[in-house]
Structures are given as structure tokens and as C-alpha cells.
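J.: Data file data32.cif (mmCIF, C-alpha atoms and all ligand atoms) is appended below.
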data_structure
loop_
_atom_site.label_atom_id
_atom_site.label_comp_id
_atom_site.auth_asym_id
_atom_site.auth_seq_id
_atom_site.Cartn_x
_atom_site.Cartn_y
_atom_site.Cartn_z
CA MET Y 945 214.97 112.62 92.45
CA GLU Y 946 213.78 115.57 90.48
CA SER Y 947 216.13 118.54 90.62
CA ILE Y 948 214.67 121.88 91.56
CA ILE Y 949 217.82 123.86 90.83
CA GLN Y 950 217.59 125.65 87.54
CA PRO Y 951 220.70 125.94 85.40
CA GLN Y 952 220.48 129.71 84.97
CA ILE Y 953 220.20 130.63 88.65
CA ASP Y 954 222.27 133.48 90.04
CA ILE Y 955 223.19 132.83 93.68
CA ARG Y 956 224.47 136.37 94.38
CA PRO Y 957 221.12 137.89 95.43
CA LEU Y 958 220.93 135.26 98.17
CA LEU Y 959 224.36 135.99 99.62
CA PRO Y 960 224.55 137.85 102.97
CA ASN Y 961 226.20 141.03 101.65
CA TYR Y 962 223.99 141.54 98.62
CA VAL Y 963 222.22 144.90 98.56
CA PRO Y 964 219.10 145.00 96.37
CA GLU Y 965 218.14 148.07 94.30
CA GLU Y 966 214.92 148.33 96.25
CA LEU Y 967 214.47 147.80 99.98
CA ILE Y 968 211.07 146.50 100.93
CA GLY Y 969 208.91 148.02 103.67
CA ARG Y 970 211.36 150.73 104.75
CA THR Y 971 209.81 153.71 102.97
CA ASP Y 972 209.47 155.92 106.06
CA GLU Y 973 213.00 155.29 107.30
CA ILE Y 974 214.50 155.71 103.81
CA ASP Y 975 212.51 158.92 103.17
CA PHE Y 976 213.71 160.38 106.45
CA LEU Y 977 217.35 159.55 105.76
CA GLU Y 978 217.07 160.69 102.14
CA ASN Y 979 215.73 164.03 103.34
CA GLU Y 980 218.65 164.46 105.74
CA ILE Y 981 221.16 163.54 103.04
CA GLN Y 982 219.53 166.07 100.70
CA ASN Y 983 219.80 168.70 103.44
CA PHE Y 984 223.48 167.95 103.75
CA MET Y 985 223.97 168.23 99.98
CA LYS Y 986 222.09 171.55 99.81
CA HIS Y 987 223.18 173.24 103.02
CA GLY Y 988 226.31 171.35 104.09
CA ALA Y 989 224.70 170.25 107.35
CA CYS Y 990 222.16 167.74 108.66
CA THR Y 991 221.13 165.96 111.84
CA ASN Y 992 223.32 163.33 113.51
CA ILE Y 993 221.47 160.04 113.51
CA HIS Y 994 221.48 156.85 115.57
CA ILE Y 995 220.03 153.95 113.59
CA ASP Y 996 218.73 151.41 116.06
CA GLY Y 997 216.75 148.19 115.65
CA VAL Y 998 216.83 144.41 115.97
CA THR Y 999 219.33 142.27 114.14
CA GLY Y 1000 218.52 141.59 110.48
CA SER Y 1001 216.14 144.55 110.20
CA GLY Y 1002 218.00 146.16 107.28
CA LYS Y 1003 220.07 148.84 109.07
CA THR Y 1004 223.33 148.01 107.29
CA ALA Y 1005 221.52 147.27 104.01
CA THR Y 1006 219.85 150.70 104.11
CA LEU Y 1007 223.13 152.56 104.57
CA LYS Y 1008 224.77 150.40 101.87
CA TYR Y 1009 221.88 151.35 99.62
CA PHE Y 1010 222.66 155.06 100.21
CA GLU Y 1011 226.35 154.43 99.74
CA LYS Y 1012 225.56 153.02 96.29
CA LYS Y 1013 223.19 155.86 95.50
CA TYR Y 1014 225.60 158.62 96.60
CA PRO Y 1015 229.02 157.04 96.07
CA SER Y 1016 231.24 159.93 97.09
CA LEU Y 1017 229.07 161.27 99.89
CA LEU Y 1018 229.15 158.63 102.60
CA LYS Y 1019 232.22 157.40 104.42
CA TYR Y 1020 231.13 154.02 105.73
CA VAL Y 1021 233.10 152.10 108.35
CA ASN Y 1022 232.15 148.84 110.04
CA CYS Y 1023 233.75 148.50 113.47
CA MET Y 1024 233.42 144.72 113.64
CA GLY Y 1025 236.98 143.45 114.14
CA LEU Y 1026 238.44 146.88 114.93
CA THR Y 1027 239.88 146.77 118.40
CA ARG Y 1028 241.60 150.12 118.91
CA GLU Y 1029 240.75 153.74 118.11
CA LYS Y 1030 243.82 153.99 115.90
CA GLU Y 1031 242.48 151.27 113.56
CA PHE Y 1032 239.16 153.04 113.42
CA LEU Y 1033 240.83 156.37 112.65
CA SER Y 1034 243.12 154.99 109.98
CA THR Y 1035 240.11 153.31 108.31
CA ILE Y 1036 238.11 156.52 108.17
CA SER Y 1037 241.02 158.66 106.97
CA ASP Y 1038 242.51 156.09 104.55
CA THR Y 1039 245.95 156.57 106.12
CA LYS Y 1040 248.39 154.60 108.27
CA PRO Y 1041 249.29 156.94 111.13
CA ARG Y 1042 251.81 155.89 113.78
CA THR Y 1043 250.21 157.41 116.87
CA THR Y 1044 246.67 158.10 117.98
CA THR Y 1045 247.31 161.86 118.02
CA GLU Y 1046 248.51 161.73 114.43
CA ALA Y 1047 245.55 159.52 113.51
CA ILE Y 1048 243.09 162.07 114.93
CA GLN Y 1049 244.73 164.85 112.92
CA LYS Y 1050 244.65 162.74 109.74
CA ALA Y 1051 240.94 162.10 110.24
CA ILE Y 1052 240.28 165.82 110.75
CA ASP Y 1053 242.30 166.62 107.60
CA TYR Y 1054 240.39 163.99 105.67
CA PHE Y 1055 236.95 165.34 106.55
CA THR Y 1056 238.02 168.95 106.09
CA GLU Y 1057 238.92 168.05 102.55
CA HIS Y 1058 236.16 165.50 101.82
CA ARG Y 1059 232.81 166.73 103.03
CA ASN Y 1060 231.39 163.26 103.76
CA ILE Y 1061 228.78 161.92 106.13
CA LEU Y 1062 230.61 159.59 108.51
CA VAL Y 1063 228.65 156.34 108.91
CA ILE Y 1064 229.85 154.15 111.79
CA ASP Y 1065 228.30 150.68 111.73
CA GLU Y 1066 228.46 148.35 114.76
CA ILE Y 1067 229.82 151.22 116.82
CA ASP Y 1068 229.31 149.26 120.05
CA LYS Y 1069 232.43 147.23 119.19
CA ILE Y 1070 234.60 150.28 119.89
CA ALA Y 1071 232.33 152.58 121.90
CA ASP Y 1072 234.08 153.69 125.07
CA THR Y 1073 234.73 157.08 126.61
CA GLN Y 1074 237.97 157.56 124.71
CA THR Y 1075 236.43 156.73 121.31
CA TRP Y 1076 233.43 159.00 121.92
CA ASN Y 1077 235.73 161.84 122.90
CA ILE Y 1078 237.64 161.37 119.65
CA ILE Y 1079 234.44 161.25 117.56
CA ASN Y 1080 233.20 164.35 119.36
CA HIS Y 1081 236.49 166.13 118.69
CA ILE Y 1082 236.37 165.29 114.96
CA TYR Y 1083 232.77 166.49 114.86
CA ARG Y 1084 233.60 169.81 116.54
CA GLU Y 1085 236.54 170.40 114.23
CA THR Y 1086 234.90 169.44 110.94
CA ALA Y 1087 231.11 169.65 111.52
CA ILE Y 1088 230.53 166.62 109.31
CA PRO Y 1089 227.31 164.72 110.09
CA ILE Y 1090 227.67 161.43 111.95
CA PHE Y 1091 225.35 158.45 111.52
CA ILE Y 1092 225.87 155.58 113.92
CA ILE Y 1093 224.37 152.10 113.65
CA SER Y 1094 223.99 149.89 116.68
CA ASN Y 1095 221.44 147.50 118.09
CA ARG Y 1096 222.75 147.90 121.63
CA LYS Y 1097 220.02 149.79 123.41
CA ASP Y 1098 222.38 151.04 126.06
CA ILE Y 1099 224.80 152.63 123.60
CA ASP Y 1100 223.76 156.11 124.78
CA LYS Y 1101 225.10 155.28 128.23
CA THR Y 1102 228.60 154.81 126.83
CA ILE Y 1103 228.67 158.44 125.61
CA PRO Y 1104 230.27 160.92 128.02
CA GLU Y 1105 227.93 163.75 128.94
CA ASP Y 1106 229.59 166.60 127.03
CA ALA Y 1107 229.96 164.49 123.87
CA HIS Y 1108 226.31 163.53 124.27
CA LYS Y 1109 225.24 167.17 124.37
CA THR Y 1110 227.27 168.11 121.31
CA LEU Y 1111 226.54 165.11 119.12
CA LEU Y 1112 222.79 164.97 119.90
CA PHE Y 1113 221.74 161.89 117.95
CA HIS Y 1114 218.26 161.69 116.52
CA LYS Y 1115 217.07 158.08 116.78
CA VAL Y 1116 215.63 156.23 113.77
CA TYR Y 1117 214.23 152.89 114.81
CA PHE Y 1118 214.11 149.90 112.46
CA ASP Y 1119 211.27 147.75 113.70
CA SER Y 1120 211.30 143.98 113.21
CA TYR Y 1121 209.56 142.78 110.03
CA ASN Y 1122 206.15 141.14 109.91
CA ILE Y 1123 205.44 137.91 108.02
CA GLU Y 1124 204.12 139.69 104.90
CA THR Y 1125 207.22 141.87 104.52
CA ILE Y 1126 209.58 138.95 105.09
CA THR Y 1127 207.70 136.98 102.42
CA GLU Y 1128 208.01 139.91 100.00
CA ILE Y 1129 211.75 140.21 100.67
CA LEU Y 1130 212.16 136.47 100.00
CA GLN Y 1131 210.11 136.71 96.81
CA GLN Y 1132 212.21 139.63 95.58
CA ARG Y 1133 215.48 137.70 96.04
CA LEU Y 1134 214.03 134.54 94.53
CA ASN Y 1135 213.05 136.50 91.42
CA LEU Y 1136 216.45 138.17 91.25
CA SER Y 1137 218.21 134.83 91.51
CA ARG Y 1138 215.91 133.35 88.84
CA PHE Y 1139 215.32 130.32 91.02
CA TYR Y 1140 211.97 128.62 91.18
CA PHE Y 1141 210.43 125.77 93.09
CA GLU Y 1142 208.18 123.15 91.60
CA ASP Y 1143 204.81 124.44 90.46
CA GLY Y 1144 202.60 125.81 93.18
CA CYS Y 1145 205.06 125.18 96.05
CA GLU Y 1146 206.66 128.57 96.16
CA VAL Y 1147 204.00 130.53 98.01
CA ASN Y 1148 203.82 127.89 100.67
CA ILE Y 1149 207.60 127.50 101.06
CA LEU Y 1150 208.20 131.23 101.36
CA GLY Y 1151 205.29 131.50 103.80
CA VAL Y 1152 206.72 128.76 106.04
CA ILE Y 1153 210.19 130.35 106.00
CA ALA Y 1154 208.71 133.75 106.86
CA HIS Y 1155 206.66 132.20 109.63
CA HIS Y 1156 209.81 130.82 111.28
CA ALA Y 1157 211.91 133.91 110.68
CA TYR Y 1158 209.13 136.08 112.10
CA GLU Y 1159 210.05 134.92 115.60
CA SER Y 1160 213.23 136.95 115.32
CA GLY Y 1161 211.75 139.47 112.86
CA SER Y 1162 215.00 139.15 110.93
CA ALA Y 1163 215.21 139.27 107.14
CA ARG Y 1164 218.70 137.79 107.50
CA THR Y 1165 217.38 134.58 109.08
CA ALA Y 1166 214.77 134.25 106.33
CA LEU Y 1167 217.30 134.81 103.55
CA ASP Y 1168 219.76 132.41 105.17
CA ILE Y 1169 217.13 129.68 105.28
CA LEU Y 1170 216.30 130.33 101.63
CA ARG Y 1171 219.96 130.17 100.66
CA PHE Y 1172 220.41 126.90 102.57
CA ILE Y 1173 217.44 125.44 100.75
CA VAL Y 1174 218.71 126.51 97.36
CA LEU Y 1175 222.24 125.29 98.01
CA ASP Y 1176 221.64 122.23 100.16
CA ALA Y 1177 218.60 120.52 98.82
CA ASN Y 1178 217.87 119.09 95.47
CA THR Y 1179 214.28 118.32 96.23
CA THR Y 1180 211.45 120.55 97.34
CA PRO Y 1181 211.84 121.07 101.12
CA THR Y 1182 209.18 119.89 103.52
CA THR Y 1183 207.87 122.01 106.39
CA LYS Y 1184 210.04 119.90 108.70
CA ASP Y 1185 213.17 120.61 106.62
CA ILE Y 1186 212.48 124.34 106.90
CA LYS Y 1187 212.03 124.06 110.65
CA ASN Y 1188 215.36 122.22 110.90
CA TYR Y 1189 217.13 124.92 108.89
CA ASN Y 1190 215.60 127.53 111.16
CA ASP Y 1191 216.67 125.69 114.33
CA ARG Y 1192 220.22 125.33 113.05
CA LEU Y 1193 220.39 128.98 112.11
CA THR Y 1194 218.88 130.17 115.36
CA MET Y 1195 221.47 128.22 117.31
CA HIS Y 1196 224.24 129.54 115.09
CA ASP Y 1197 222.97 133.09 115.52
CA LEU Y 1198 222.67 132.69 119.28
CA THR Y 1199 226.20 131.33 119.71
CA SER Y 1200 227.68 134.13 117.61
CA GLN Y 1201 225.79 136.73 119.65
CA LEU Y 1202 226.92 135.11 122.90
CA ARG Y 1203 230.53 135.10 121.74
CA ARG Y 1204 230.35 138.87 121.45
CA LEU Y 1205 229.51 139.23 125.16
CA LYS Y 1206 232.03 139.73 127.91
CA PRO Y 1207 232.77 136.62 130.07
CA ILE Y 1208 230.95 138.18 133.02
CA GLU Y 1209 227.84 138.74 130.87
CA GLN Y 1210 227.96 135.18 129.56
CA ARG Y 1211 228.21 133.86 133.12
CA LEU Y 1212 225.32 135.94 134.30
CA LEU Y 1213 223.15 134.76 131.42
CA TYR Y 1214 224.08 131.22 132.35
CA VAL Y 1215 222.95 131.74 135.92
CA ILE Y 1216 219.74 133.41 134.78
CA ALA Y 1217 218.94 130.57 132.39
CA LEU Y 1218 219.63 127.95 135.06
CA THR Y 1219 217.53 129.80 137.59
CA GLN Y 1220 214.72 130.12 135.11
CA GLN Y 1221 214.62 126.36 134.71
CA LYS Y 1222 214.41 125.86 138.47
CA ARG Y 1223 212.04 128.74 139.18
CA SER Y 1224 208.62 127.74 140.44
CA LYS Y 1225 205.81 129.59 138.77
CA ASN Y 1226 205.13 133.18 139.77
CA LYS Y 1227 207.93 133.20 142.29
CA TYR Y 1228 210.14 136.25 142.12
CA LEU Y 1229 213.84 136.11 142.60
CA THR Y 1230 215.72 138.65 144.60
CA THR Y 1231 218.75 140.26 143.03
CA GLY Y 1232 220.59 138.90 146.05
CA SER Y 1233 219.67 135.26 145.40
CA LEU Y 1234 220.73 135.62 141.77
CA GLN Y 1235 224.00 137.10 142.94
CA ASP Y 1236 224.47 134.27 145.50
CA MET Y 1237 224.08 131.74 142.75
CA TYR Y 1238 226.54 133.64 140.57
CA GLU Y 1239 229.09 133.75 143.36
CA SER Y 1240 228.69 130.09 144.27
CA ARG Y 1241 229.51 129.12 140.68
CA PHE Y 1242 231.99 131.78 139.69
CA GLN Y 1243 233.57 134.51 141.82
CA THR Y 1244 232.55 137.17 144.28
CA ILE Y 1245 231.34 140.42 142.82
CA SER Y 1246 230.28 143.72 144.35
CA ARG Y 1247 226.54 144.45 144.51
CA GLY Y 1248 226.91 147.60 142.43
CA HIS Y 1249 228.85 145.90 139.67
CA PHE Y 1250 226.44 142.99 139.61
CA SER Y 1251 223.45 145.31 139.20
CA THR Y 1252 225.17 147.23 136.41
CA VAL Y 1253 225.95 144.07 134.46
CA LEU Y 1254 222.41 142.81 135.02
CA ASN Y 1255 220.95 146.09 133.77
CA ASN Y 1256 223.18 146.18 130.70
CA LEU Y 1257 222.30 142.63 129.84
CA ASN Y 1258 218.65 143.41 130.26
CA ASN Y 1259 218.89 146.39 127.93
CA TYR Y 1260 220.81 144.54 125.30
CA TRP Y 1261 218.95 141.25 125.33
CA ASN Y 1262 215.47 142.40 126.20
CA LEU Y 1263 215.35 139.61 128.71
CA ASP Y 1264 212.32 140.96 130.43
CA ILE Y 1265 214.09 141.26 133.74
CA THR Y 1266 212.08 143.61 135.87
CA MET Y 1267 213.77 145.30 138.75
CA PHE Y 1268 211.49 146.83 141.29
CA LYS Y 1269 211.36 147.77 144.93
CA SER Y 1270 209.63 145.14 146.96
CA LYS Y 1271 206.41 146.40 148.58
CA LEU Y 1272 206.63 143.90 151.38
CA PRO Y 1273 207.85 145.47 154.63
CA GLN Y 1274 210.08 142.47 155.33
CA GLY Y 1275 211.31 142.43 151.75
CA PRO Y 1276 214.98 142.72 151.01
CA GLY Y 1277 214.61 145.95 149.05
CA GLN Y 1278 215.27 145.20 145.48
CA THR Y 1279 213.56 142.26 143.84
CA THR Y 1280 214.22 140.85 140.44
CA GLN Y 1281 211.73 139.14 138.27
CA VAL Y 1282 213.29 137.08 135.55
CA VAL Y 1283 210.87 135.99 132.90
CA LEU Y 1284 212.61 133.96 130.26
CA ASN Y 1285 210.65 131.84 127.91
CA PRO Y 1286 211.56 128.30 129.16
CA SER Y 1287 212.42 127.10 125.68
CA PHE Y 1288 214.68 130.13 125.25
CA ALA Y 1289 216.36 129.27 128.56
CA ASP Y 1290 217.03 125.77 127.18
CA GLN Y 1291 218.41 127.20 123.94
CA LEU Y 1292 220.62 129.58 125.88
CA LEU Y 1293 222.08 126.80 127.98
CA GLN Y 1294 222.72 124.72 124.90
CA ALA Y 1295 224.36 127.63 123.06
CA LEU Y 1296 226.46 128.59 126.09
CA SER Y 1297 227.70 125.02 126.43
CA GLN Y 1298 228.87 125.23 122.81
CA ILE Y 1299 230.93 128.35 123.31
CA ASN Y 1300 232.70 127.55 126.56
CA ASP Y 1301 233.44 124.39 128.53
CA GLU Y 1302 232.67 126.09 131.84
CA PHE Y 1303 228.99 125.98 130.82
CA LYS Y 1304 229.03 122.32 129.81
CA GLU Y 1305 227.73 120.59 132.92
CA CYS Y 1306 224.06 121.36 132.18
N1 LIG Y 1401 213.83 145.90 103.57
C1 LIG Y 1401 214.63 145.00 103.00
N2 LIG Y 1401 214.48 144.67 101.70
C2 LIG Y 1401 215.30 143.75 101.14
N3 LIG Y 1401 216.28 143.10 101.80
C3 LIG Y 1401 216.47 143.38 103.10
C4 LIG Y 1401 215.66 144.35 103.76
N4 LIG Y 1401 216.04 144.43 105.05
C5 LIG Y 1401 217.05 143.58 105.20
N5 LIG Y 1401 217.32 142.95 104.04
C6 LIG Y 1401 218.37 141.94 103.85
O1 LIG Y 1401 218.44 141.18 105.04
C7 LIG Y 1401 219.79 140.90 105.40
C8 LIG Y 1401 220.08 141.46 106.78
O2 LIG Y 1401 219.99 142.89 106.77
P1 LIG Y 1401 221.10 143.83 107.48
O3 LIG Y 1401 222.42 143.18 107.41
O4 LIG Y 1401 220.95 145.18 106.90
O5 LIG Y 1401 220.57 143.81 108.98
P2 LIG Y 1401 221.05 144.73 110.22
O6 LIG Y 1401 219.85 145.45 110.69
O7 LIG Y 1401 222.24 145.51 109.81
O8 LIG Y 1401 221.43 143.61 111.28
P3 LIG Y 1401 222.59 143.64 112.44
O9 LIG Y 1401 222.04 144.44 113.58
O10 LIG Y 1401 222.75 142.20 112.82
O11 LIG Y 1401 223.83 144.21 111.84
C9 LIG Y 1401 220.65 141.53 104.29
O12 LIG Y 1401 220.94 140.54 103.33
C10 LIG Y 1401 219.73 142.59 103.69
O13 LIG Y 1401 220.05 142.83 102.33
MG MG Y 1402 224.24 145.45 110.38
#
In C-alpha cells, how does this file's structure come out?

T.:
Amino acid sequence: MESIIQPQIDIRPLLPNYVPEELIGRTDEIDFLENEIQNFMKHGACTNIHIDGVTGSGKTATLKYFEKKYPSLLKYVNCMGLTREKEFLSTISDTKPRTTTEAIQKAIDYFTEHRNILVIDEIDKIADTQTWNIINHIYRETAIPIFIISNRKDIDKTIPEDAHKTLLFHKVYFDSYNIETITEILQQRLNLSRFYFEDGCEVNILGVIAHHAYESGSARTALDILRFIVLDANTTPTTKDIKNYNDRLTMHDLTSQLRRLKPIEQRLLYVIALTQQKRSKNKYLTTGSLQDMYESRFQTISRGHFSTVLNNLNNYWNLDITMFKSKLPQGPGQTTQVVLNPSFADQLLQALSQINDEFKEC
């Protein structure tokens, strides 16, 4: 078998945390953020920003890029793995306070002394009323700009009203990438890693990877497939190999996203996916029948709570669940239309069965 791995390759540009010097296809977003950062440097103030967008769309990479460019200006914290406000506060103030009150004071002292922009990545991991009140308090006391990063669409709803009014986030949306941009990103990393495929194959291979990754619009998926190919294979991959890598990654991605959900959200998704499989075409489900199914499999739940969880799930997962008032006079009031792509419903059931035995029977 002919080896396609070149002796001088550098694997680093293909690793998940690598931040390239140049980010492709994000000129507008980068210009906007650059302008705000410049404002802060000149005038000591700028807008608070919420960076939103699908997974793998370069939100973290963009802020890491600015962190590199302005090393002492941004205070970046990733909330993944932080469970309590105190951990969050000690991370941002570089101290080890004993109580939350002390931690808040340390954070205020820190930002009074270091005029940084506070960048909070994956804020949804810690976003509750208490945390928002603390962030709001630090903001009022220090007036440092706050940039938050989250792909949970309903993050605004977790902010208490007065904090919402004070913090006033301007939203910058990172759209999913198209095939051309994904291909360019792959090409950039391939060049940086000094890796090359056999003559003439490259354009096609990158195109096929981009085509698969386009479904999720995620540069991460595309780069992961490329890394797998470089590390795993010692022959030029076929289209089928690339599809297999993509399927494996998609399942991996799905299970890790599902693990982040609360048990009640996982259970509801399970019921939705099951119902979707059984649903006859064009037949709408009532919220009530979905709830009945939930209760018959799991436990009773109040109507209000059920609707809230359903709405949150809808916002977060873009499930295309449409809630509307039935027009029929004999209708039950609220009707739910669940439109899941059947193959996605299958994937969901498979992924759920991998994360918890209670979903195994399907
Ligand atoms: N425009 C780009 N140019 C070059 N590389 C990019 C670009 N956008 C993303 N990447 C790369 O894709 C990978 C995923 O990007 P990143 O981690 O920033 O996504 P994210 O939007 O933060 O996703 P999540 O919501 O899951 O945290 C990283 O390796 C990043 O370097
Ligand atoms: Mg990120």
C-alpha cells in the first residue's frame, strides 16, 4: 500500500484547539468585534455582545484569535466544567476565595485594576438567575464590557429583567458555513500541516468532506473528518470512507450534545422521536397526546412545566416544533406539530440508547 502520509507533516493545525492566524469567511463579524475592541481601547467603553451561532461556526476560534491579537486585553473564561458561581468567579479573578461574597469582591477588585473585556464562553453551563445577578453586579461596579458566547437560543430568557436592561447585549450571529467556505478552511489547514494527498485527489477529497460537513454547517466536523483521515488511513480515502467518518462523528457529536441536556429534556426528545416514527403523514399531534405518551413512559408532569420544557427544547434544538392554537371548534386548544426528519429521529433514538439504558428498548 502506498503511504500518503508525508514525513514532514505537522499535525497541530488539525487539532481541535488550534487557532489559525487567519479566519476564513468571517470578515464582517471580525470587523464588527475589532471596531468594538478599538472603541474600548480608545474610550474605555464598548457595547456588550452576545455571540450566537451554530456549533462549529468559529465563535470560540474568533475570540481566541482576538485573545492572541490583544493578549492583555481580554479575560477569557470557558464555563464548560464549572458548576458553581464561586468557581467561575475565582477563574476570572485568578484567586481562590473561600466564600461567594469574597469571590464577588475579588472579581470586582480584579477588573477595577485590570481594565479587561470579560469574555464568557459557553455561558449556558452556569447561566441562572444567581449568576446573572453576579455578572450584572460586577458590570455595574466596574463598567467593563462583557462578551458572552452561547449557542442556546433561549439564553436571554435566563437573564432576570433588571440585569437584562442593564447589560443590554448586542447580538452578533455566526451563520453556518457553506460548502465553499468549509473547503477553504480545510485547504488552509492542509497547507499549514504540509500534508498532501496523491496527485489530483485533494480537490475531490476536500469537496466530499465539505459536502458532508455542510449538513451541520460546522467547520469542526469537517476538520475532525480531515484529522481522522490523516491519522487513521494510510491510503487515499474513498467517498465511502469519508461518509463513514462523517457518520461516526455525527453520532459522537449527537451523543455529547444529548449528554449536556437535563434528564427531562432527554426523555422528552425520546418521546418526540418515537412519536415521529409512528406519526402518519400530515397528522398533527396535540401537546396533550405528547404529554400522555411522556407520562405513560416516565412520570406525571404538570401541563405548564411540560410546555416550558417543550419550548426550551424547541429553541435549543431547532426541532421545528410548531405550537399553534387549533382553528377547529372541537379542537383541544393547543396543537403541536412535530416535524422531525425521519432519519434524524432514527439517529436520535440510536444516540439516546447509547447514553442511557432507559432509552434502550427501541
Ligand atoms: N472561519 C474559520 N476559519 C478557520 N478555522 C475555523 C473557522 N471557523 C471555525 N474554525 C475552526 O473550526 C473548529 C470549530 O470552531 P469553534 O470551536 O470556534 O466553534 P464554536 O462556534 O465555538 O462551536 P461551539 O458552539 O460548539 O462551541 C475550530 O478548530 C476552529 O479553529
Ligand atoms: Mg465554542

J.: At a cut-off of 9 Å and counting all atoms listed in the file, what residues surround ligand MG 1402 (chain Y)? Please answer as an mmCIF file with C-alpha atoms, keeping the file's coordinate frame.

T.:
data_model
loop_
_atom_site.group_PDB
_atom_site.id
_atom_site.type_symbol
_atom_site.label_atom_id
_atom_site.label_comp_id
_atom_site.auth_asym_id
_atom_site.auth_seq_id
_atom_site.Cartn_x
_atom_site.Cartn_y
_atom_site.Cartn_z
ATOM 1 C CA THR Y 999 219.330 142.270 114.140
ATOM 2 C CA GLY Y 1000 218.520 141.590 110.480
ATOM 3 C CA SER Y 1001 216.140 144.550 110.200
ATOM 4 C CA GLY Y 1002 218.000 146.160 107.280
ATOM 5 C CA LYS Y 1003 220.070 148.840 109.070
ATOM 6 C CA THR Y 1004 223.330 148.010 107.290
ATOM 7 C CA ALA Y 1005 221.520 147.270 104.010
ATOM 8 C CA ASN Y 1022 232.150 148.840 110.040
ATOM 9 C CA ASP Y 1065 228.300 150.680 111.730
ATOM 10 C CA GLU Y 1066 228.460 148.350 114.760
ATOM 11 C CA ILE Y 1093 224.370 152.100 113.650
ATOM 12 C CA SER Y 1094 223.990 149.890 116.680
ATOM 13 C CA ASN Y 1095 221.440 147.500 118.090
#

J.: May I ask for the distance between CA of Glu1057 in chain Y and CA of Val963 in chain Y, given in Å to one decimal place?

T.: 28.8 Å

J.: Measuring atom to atom with only C-alpha atoms and all ligand atoms, identify which of Y:Phe1032, Y:Tyr1121, Y:Phe1303, Y:Tyr1158 is nearest to ligand LIG 1401 (chain Y).

T.: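 Ranked by minimum distance to ligand LIG 1401 (chain Y), first place goes to Y:Tyr1121.
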
J.: Pick out the residues no farther than 10 Å from ligand LIG 1401 (chain Y), counting only C-alpha atoms and all ligand atoms, and list them as an MDAnalysis selection string.

T.: chainID Y and resid 957:971 974 995:1009 1022 1024 1065:1066 1093:1096 1118:1121 1125:1126 1128:1133 1162:1168 1197 1201

J.: Distance table requested - range 986-1024 of chain Y against range 1100-1111 of chain Y, cut-off 10 Å, all atoms listed in the file: one row per qualifying residue with the closest atom pair and its distance in Å to one decimal, ordered by chain and rising residue number, as a tab-separated table.

T.:
residue	atom	partner	partner_atom	distance
Y:Thr991	CA	Y:Leu1111	CA	9.1
Y:Asn992	CA	Y:Leu1111	CA	6.7
Y:Ile993	CA	Y:Leu1111	CA	9.1
Y:His994	CA	Y:Asp1100	CA	9.5
